[in-house]
Amino acid sequence: MTAKIITVFNQKGGCGKTNIAMHLGGALGRRKKKVKIIDADPQNTATRWHAQAKDEAPFPARISNLSGLGAALHREIKADLDNFDYIVVDCPPSVDSPIAGSALLVSDLAVIPVVPSPADLWAAVAAKKLAAQAQATNPDLKAVVVFNMVQRTAMAKGALDVMAEDEGVPVLKSQLGLRSAYRECQVMGGTVHAVPRAGAAVAEVEALVDELLNELK
């Protein structure tokens, strides 16, 4: 067993990094994969989310809080490669932090969440640049953009069109919408799969996981 490593990062806070990291890790765990989520964000949202789960309904992936490791994070990730199928890293909201750069050194896939708004599009430029820098050392690293908290508006479509112009960092077809289920599941300590009447959100998550797994082939 050699884990595939997926790092979720961006320069800007509020783009939904933790939501994507937890749903990616949780959905893979529900598929009977052995998954570890690394909470590398000092805000520790992923750790608190995970802790909300009840004993009879544990979160379907393990979690480790490694936000204090900084530039040494990649060494801890490499130490666990033989123990998991997937390792998902939730980075802090800053490309200036050494954490994202360290994680990308050993990652197979970099996921850049973007909310379709001008500020997020501008912030994504720095994230793409960091991914390109990491690829110079880690040529097997792939980078993709995932649109998150999407509302069906003209602005969202325009943002998608702008991001799609960058062929070096493709935009995935799968998107996560702006849905209350993504907030409700945090209180429950689970994924949207456990939220009543959240079928649309579940379908979004499963489609995203399928597309990301295809990128890892």
# chains A, B, ... in the order shown; residues from 1 in each chain; ligands from 1
>>> select_by_dssp(residues="region 16-144 of chain A", states="strand (DSSP E or B)", output="PyMOL selection string")
chain A and resi 35-39+62-65+86-90+109-114+142-144
>>> closest_atom_pairs(of="region 26-85 of chain A", to="region 6-11 of chain A", cutoff="10 Å", atoms="only C-alpha atoms", output="tab-separated table")
residue	atom	partner	partner_atom	distance
A:Ile37	CA	A:Ile6	CA	9.5
A:Ile38	CA	A:Thr7	CA	9.3
A:Asp41	CA	A:Phe9	CA	9.9
>>> write_last_selection(atoms="N, CA and C atoms", output="PDB file, in the first residue's frame")
ATOM      1  N   ILE A  37      -6.680  12.238   7.028  1.00  0.00           N
ATOM      2  CA  ILE A  37      -6.764  13.661   6.740  1.00  0.00           C
ATOM      3  C   ILE A  37      -5.788  14.375   7.668  1.00  0.00           C
ATOM      4  N   ILE A  38      -4.923  15.187   7.095  1.00  0.00           N
ATOM      5  CA  ILE A  38      -3.985  15.970   7.889  1.00  0.00           C
ATOM      6  C   ILE A  38      -4.513  17.390   8.004  1.00  0.00           C
ATOM      7  N   ASP A  41      -3.949  23.331   9.108  1.00  0.00           N
ATOM      8  CA  ASP A  41      -4.396  24.710   9.264  1.00  0.00           C
ATOM      9  C   ASP A  41      -4.466  25.051  10.754  1.00  0.00           C
TER      10      ASP A  41
END
>>> select_by_dssp(residues="chain A", states="helix (DSSP H, G or I)", output="ChimeraX atom specification")
/A:17-30,45-51,70-79,81-83,98-104,118-137,154-164,181-188,192-194,199-215
>>> residues_around(residues="Pro196 (chain A)", least_positions_apart="5", cutoff="10 Å", atoms="only C-alpha atoms", output="JSON, numbers by chain")
{"A": [181, 184, 185]}
>>> closest_atom_pairs(of="region 8-124 of chain A", to="region 136-150 of chain A", cutoff="9 Å", atoms="only C-alpha atoms", output="JSON lines")
{"residue": "A:Cys15", "atom": "CA", "partner": "A:Asn148", "partner_atom": "CA", "distance": 6.9}
{"residue": "A:Gly16", "atom": "CA", "partner": "A:Asn148", "partner_atom": "CA", "distance": 6.6}
{"residue": "A:Lys17", "atom": "CA", "partner": "A:Asn148", "partner_atom": "CA", "distance": 9.0}
{"residue": "A:Ile20", "atom": "CA", "partner": "A:Asn148", "partner_atom": "CA", "distance": 8.3}
{"residue": "A:Leu104", "atom": "CA", "partner": "A:Leu141", "partner_atom": "CA", "distance": 7.7}
{"residue": "A:Leu105", "atom": "CA", "partner": "A:Asn138", "partner_atom": "CA", "distance": 5.8}
{"residue": "A:Val106", "atom": "CA", "partner": "A:Asn138", "partner_atom": "CA", "distance": 7.1}
{"residue": "A:Ser107", "atom": "CA", "partner": "A:Leu141", "partner_atom": "CA", "distance": 6.2}
{"residue": "A:Asp108", "atom": "CA", "partner": "A:Leu141", "partner_atom": "CA", "distance": 4.8}
{"residue": "A:Leu109", "atom": "CA", "partner": "A:Lys142", "partner_atom": "CA", "distance": 4.8}
{"residue": "A:Ala110", "atom": "CA", "partner": "A:Ala143", "partner_atom": "CA", "distance": 4.5}
{"residue": "A:Val111", "atom": "CA", "partner": "A:Val144", "partner_atom": "CA", "distance": 5.2}
{"residue": "A:Ile112", "atom": "CA", "partner": "A:Val145", "partner_atom": "CA", "distance": 4.7}
{"residue": "A:Pro113", "atom": "CA", "partner": "A:Val146", "partner_atom": "CA", "distance": 4.8}
{"residue": "A:Val114", "atom": "CA", "partner": "A:Phe147", "partner_atom": "CA", "distance": 4.9}
{"residue": "A:Val115", "atom": "CA", "partner": "A:Asn148", "partner_atom": "CA", "distance": 5.2}
{"residue": "A:Pro116", "atom": "CA", "partner": "A:Val150", "partner_atom": "CA", "distance": 6.7}
{"residue": "A:Ala124", "atom": "CA", "partner": "A:Val145", "partner_atom": "CA", "distance": 8.7}
>>> residues_around(residues="Asp85 (chain A)", least_positions_apart="2", cutoff="12 Å", atoms="only C-alpha atoms", output="ChimeraX atom specification")
/A:1-6,25,28-29,31-37,61-62,80-83,87-88,213
>>> write_last_selection(atoms="N, CA and C atoms", output="compact mmCIF listing (two decimals), in the first residue's frame")
# COMPACT_ATOMS: atom_id res chain seq x y z
N MET A 1 0.85 -1.20 0.00
CA MET A 1 0.00 0.00 0.00
C MET A 1 0.88 1.25 0.00
N THR A 2 0.77 2.07 -1.02
CA THR A 2 1.45 3.35 -1.07
C THR A 2 0.40 4.43 -1.29
N ALA A 3 0.26 5.31 -0.32
CA ALA A 3 -0.82 6.29 -0.35
C ALA A 3 -0.66 7.29 -1.50
N LYS A 4 -1.78 7.68 -2.08
CA LYS A 4 -1.84 8.83 -2.97
C LYS A 4 -2.08 10.05 -2.09
N ILE A 5 -1.35 11.12 -2.36
CA ILE A 5 -1.41 12.31 -1.51
C ILE A 5 -2.10 13.44 -2.26
N ILE A 6 -3.13 13.99 -1.64
CA ILE A 6 -3.91 15.08 -2.22
C ILE A 6 -3.83 16.28 -1.28
N GLY A 25 -11.89 13.17 1.87
CA GLY A 25 -11.44 12.10 2.76
C GLY A 25 -12.58 11.23 3.26
N LEU A 28 -14.04 8.97 0.41
CA LEU A 28 -13.13 7.85 0.13
C LEU A 28 -13.21 6.81 1.25
N GLY A 29 -13.32 7.28 2.49
CA GLY A 29 -13.47 6.36 3.61
C GLY A 29 -14.75 5.55 3.51
N ARG A 31 -16.00 4.58 0.89
CA ARG A 31 -15.75 3.58 -0.16
C ARG A 31 -14.78 2.49 0.31
N LYS A 32 -14.60 2.42 1.60
CA LYS A 32 -13.77 1.39 2.24
C LYS A 32 -12.28 1.58 1.98
N LYS A 33 -11.88 2.80 1.68
CA LYS A 33 -10.46 3.10 1.54
C LYS A 33 -9.92 3.55 2.90
N LYS A 34 -8.65 3.30 3.12
CA LYS A 34 -8.00 3.71 4.36
C LYS A 34 -7.45 5.12 4.15
N VAL A 35 -8.04 6.08 4.87
CA VAL A 35 -7.77 7.49 4.60
C VAL A 35 -7.33 8.22 5.86
N LYS A 36 -6.33 9.07 5.67
CA LYS A 36 -5.90 9.96 6.75
C LYS A 36 -6.02 11.40 6.25
N ILE A 37 -6.68 12.24 7.03
CA ILE A 37 -6.76 13.66 6.74
C ILE A 37 -5.79 14.38 7.67
N ALA A 61 -12.88 8.70 8.23
CA ALA A 61 -11.45 8.82 7.94
C ALA A 61 -10.76 9.25 9.22
N ARG A 62 -9.50 8.89 9.36
CA ARG A 62 -8.72 9.33 10.52
C ARG A 62 -8.25 10.76 10.30
N ASP A 80 4.02 8.00 6.56
CA ASP A 80 2.75 7.27 6.63
C ASP A 80 2.32 6.68 5.28
N LEU A 81 3.16 6.74 4.28
CA LEU A 81 2.75 6.32 2.94
C LEU A 81 2.29 4.87 2.88
N ASP A 82 2.90 4.02 3.66
CA ASP A 82 2.57 2.59 3.59
C ASP A 82 1.40 2.21 4.48
N ASN A 83 0.82 3.17 5.19
CA ASN A 83 -0.25 2.86 6.13
C ASN A 83 -1.64 3.24 5.64
N ILE A 87 -3.92 10.08 1.56
CA ILE A 87 -3.66 11.09 2.57
C ILE A 87 -4.11 12.42 1.99
N VAL A 88 -5.01 13.10 2.70
CA VAL A 88 -5.56 14.38 2.25
C VAL A 88 -5.06 15.47 3.20
N LEU A 213 -10.29 11.14 -8.61
CA LEU A 213 -9.65 9.84 -8.74
C LEU A 213 -9.18 9.59 -10.16
>>> atom_distance(atom1="CA of Gly13 (chain A)", atom2="CA of Cys91 (chain A)")
10.3 Å
>>> closest_residue(among="A:Val195, A:Ala203, A:Leu121, A:Ala27", to="Gly177 (chain A)", atoms="only C-alpha atoms")
A:Ala203
>>> residues_around(residues="Ala51 (chain A)", least_positions_apart="6", cutoff="9 Å", atoms="only C-alpha atoms", output="ChimeraX atom specification")
/A:58-59,189
>>> residues_around(residues="Ala207 (chain A)", least_positions_apart="4", cutoff="10 Å", atoms="only C-alpha atoms", output="short mmCIF file (atom, residue, chain, number, x, y, z; two decimals) with N, CA and C atoms, in the first residue's frame")
data_model
loop_
_atom_site.label_atom_id
_atom_site.label_comp_id
_atom_site.auth_asym_id
_atom_site.auth_seq_id
_atom_site.Cartn_x
_atom_site.Cartn_y
_atom_site.Cartn_z
N LYS A 173 -14.92 19.59 -14.05
CA LYS A 173 -16.34 19.77 -14.37
C LYS A 173 -17.21 19.73 -13.12
N SER A 174 -16.81 18.93 -12.15
CA SER A 174 -17.58 18.79 -10.91
C SER A 174 -17.45 20.05 -10.07
N GLN A 175 -18.55 20.47 -9.47
CA GLN A 175 -18.59 21.66 -8.63
C GLN A 175 -19.42 21.36 -7.38
N LEU A 176 -19.10 22.08 -6.31
CA LEU A 176 -19.92 22.01 -5.10
C LEU A 176 -20.74 23.29 -5.00
N ALA A 201 -26.38 17.38 -2.70
CA ALA A 201 -25.03 17.59 -2.21
C ALA A 201 -24.22 16.30 -2.28
N VAL A 202 -24.84 15.18 -1.93
CA VAL A 202 -24.17 13.89 -2.00
C VAL A 202 -23.74 13.59 -3.44
N ALA A 203 -24.62 13.87 -4.39
CA ALA A 203 -24.29 13.63 -5.80
C ALA A 203 -23.11 14.50 -6.23
N GLU A 211 -14.09 12.32 -10.23
CA GLU A 211 -13.25 13.08 -11.16
C GLU A 211 -11.82 13.24 -10.64
N LEU A 212 -11.68 13.45 -9.34
CA LEU A 212 -10.35 13.56 -8.75
C LEU A 212 -9.59 12.24 -8.84
N LEU A 213 -10.29 11.14 -8.61
CA LEU A 213 -9.65 9.84 -8.74
C LEU A 213 -9.18 9.59 -10.16
#
>>> atom_distance(atom1="CA of Ala123 (chain A)", atom2="CA of Gln43 (chain A)")
19.6 Å
>>> closest_residue(among="A:Ser97, A:Ser180, A:Ser117, A:Thr191", to="Ala21 (chain A)", atoms="only C-alpha atoms")
A:Thr191
>>> atom_distance(atom1="CA of Ser67 (chain A)", atom2="CA of Asp96 (chain A)")
14.3 Å
>>> closest_residue(among="A:Val89, A:Ala71, A:Ala198, A:Leu130", to="Thr18 (chain A)", atoms="only C-alpha atoms")
A:Val89
>>> closest_residue(among="A:Thr47, A:Asn65, A:Ser102, A:Gln52", to="Lys78 (chain A)", atoms="only C-alpha atoms")
A:Ser102
>>> decode(residues="region 25-81 of chain A", atoms="C-alpha atoms", output="compact mmCIF listing (two decimals), in the first residue's frame")
# COMPACT_ATOMS: atom_id res chain seq x y z
CA GLY A 25 -11.44 12.10 2.76
CA GLY A 26 -14.83 11.11 4.14
CA ALA A 27 -16.23 9.95 0.80
CA LEU A 28 -13.13 7.85 0.13
CA GLY A 29 -13.47 6.36 3.61
CA ARG A 30 -17.08 5.48 2.85
CA ARG A 31 -15.75 3.58 -0.16
CA LYS A 32 -13.77 1.39 2.24
CA LYS A 33 -10.46 3.10 1.54
CA LYS A 34 -8.00 3.71 4.36
CA VAL A 35 -7.77 7.49 4.60
CA LYS A 36 -5.90 9.96 6.75
CA ILE A 37 -6.76 13.66 6.74
CA ILE A 38 -3.99 15.97 7.89
CA ASP A 39 -5.24 19.17 9.50
CA ALA A 40 -2.37 21.53 8.71
CA ASP A 41 -4.40 24.71 9.26
CA PRO A 42 -3.78 26.44 12.64
CA GLN A 43 -7.51 27.24 12.77
CA ASN A 44 -8.02 23.47 13.23
CA THR A 45 -11.48 23.46 11.67
CA ALA A 46 -11.04 19.93 10.32
CA THR A 47 -10.05 18.64 13.76
CA ARG A 48 -13.08 20.26 15.40
CA TRP A 49 -15.37 18.95 12.65
CA HIS A 50 -14.01 15.43 13.14
CA ALA A 51 -14.45 15.69 16.92
CA GLN A 52 -18.20 16.36 16.59
CA ALA A 53 -18.83 12.78 15.47
CA LYS A 54 -20.58 10.46 17.92
CA ASP A 55 -18.96 7.19 18.96
CA GLU A 56 -21.66 5.19 17.18
CA ALA A 57 -21.16 7.15 13.95
CA PRO A 58 -17.46 8.02 13.67
CA PHE A 59 -16.13 10.12 10.81
CA PRO A 60 -15.09 7.69 8.03
CA ALA A 61 -11.45 8.82 7.94
CA ARG A 62 -8.72 9.33 10.52
CA ILE A 63 -7.36 12.78 11.26
CA SER A 64 -4.03 14.13 12.51
CA ASN A 65 -3.45 17.70 13.61
CA LEU A 66 -0.01 18.60 12.23
CA SER A 67 -0.38 22.37 11.87
CA GLY A 68 2.77 23.00 13.89
CA LEU A 69 5.17 21.15 11.61
CA GLY A 70 5.62 23.91 9.07
CA ALA A 71 8.23 23.14 6.42
CA ALA A 72 8.82 19.67 7.91
CA LEU A 73 5.31 18.46 7.07
CA HIS A 74 6.41 16.46 4.03
CA ARG A 75 8.61 14.24 6.20
CA GLU A 76 5.65 13.24 8.38
CA ILE A 77 3.52 12.59 5.29
CA LYS A 78 6.18 10.31 3.80
CA ALA A 79 6.39 8.34 7.05
CA ASP A 80 2.75 7.27 6.63
CA LEU A 81 2.75 6.32 2.94
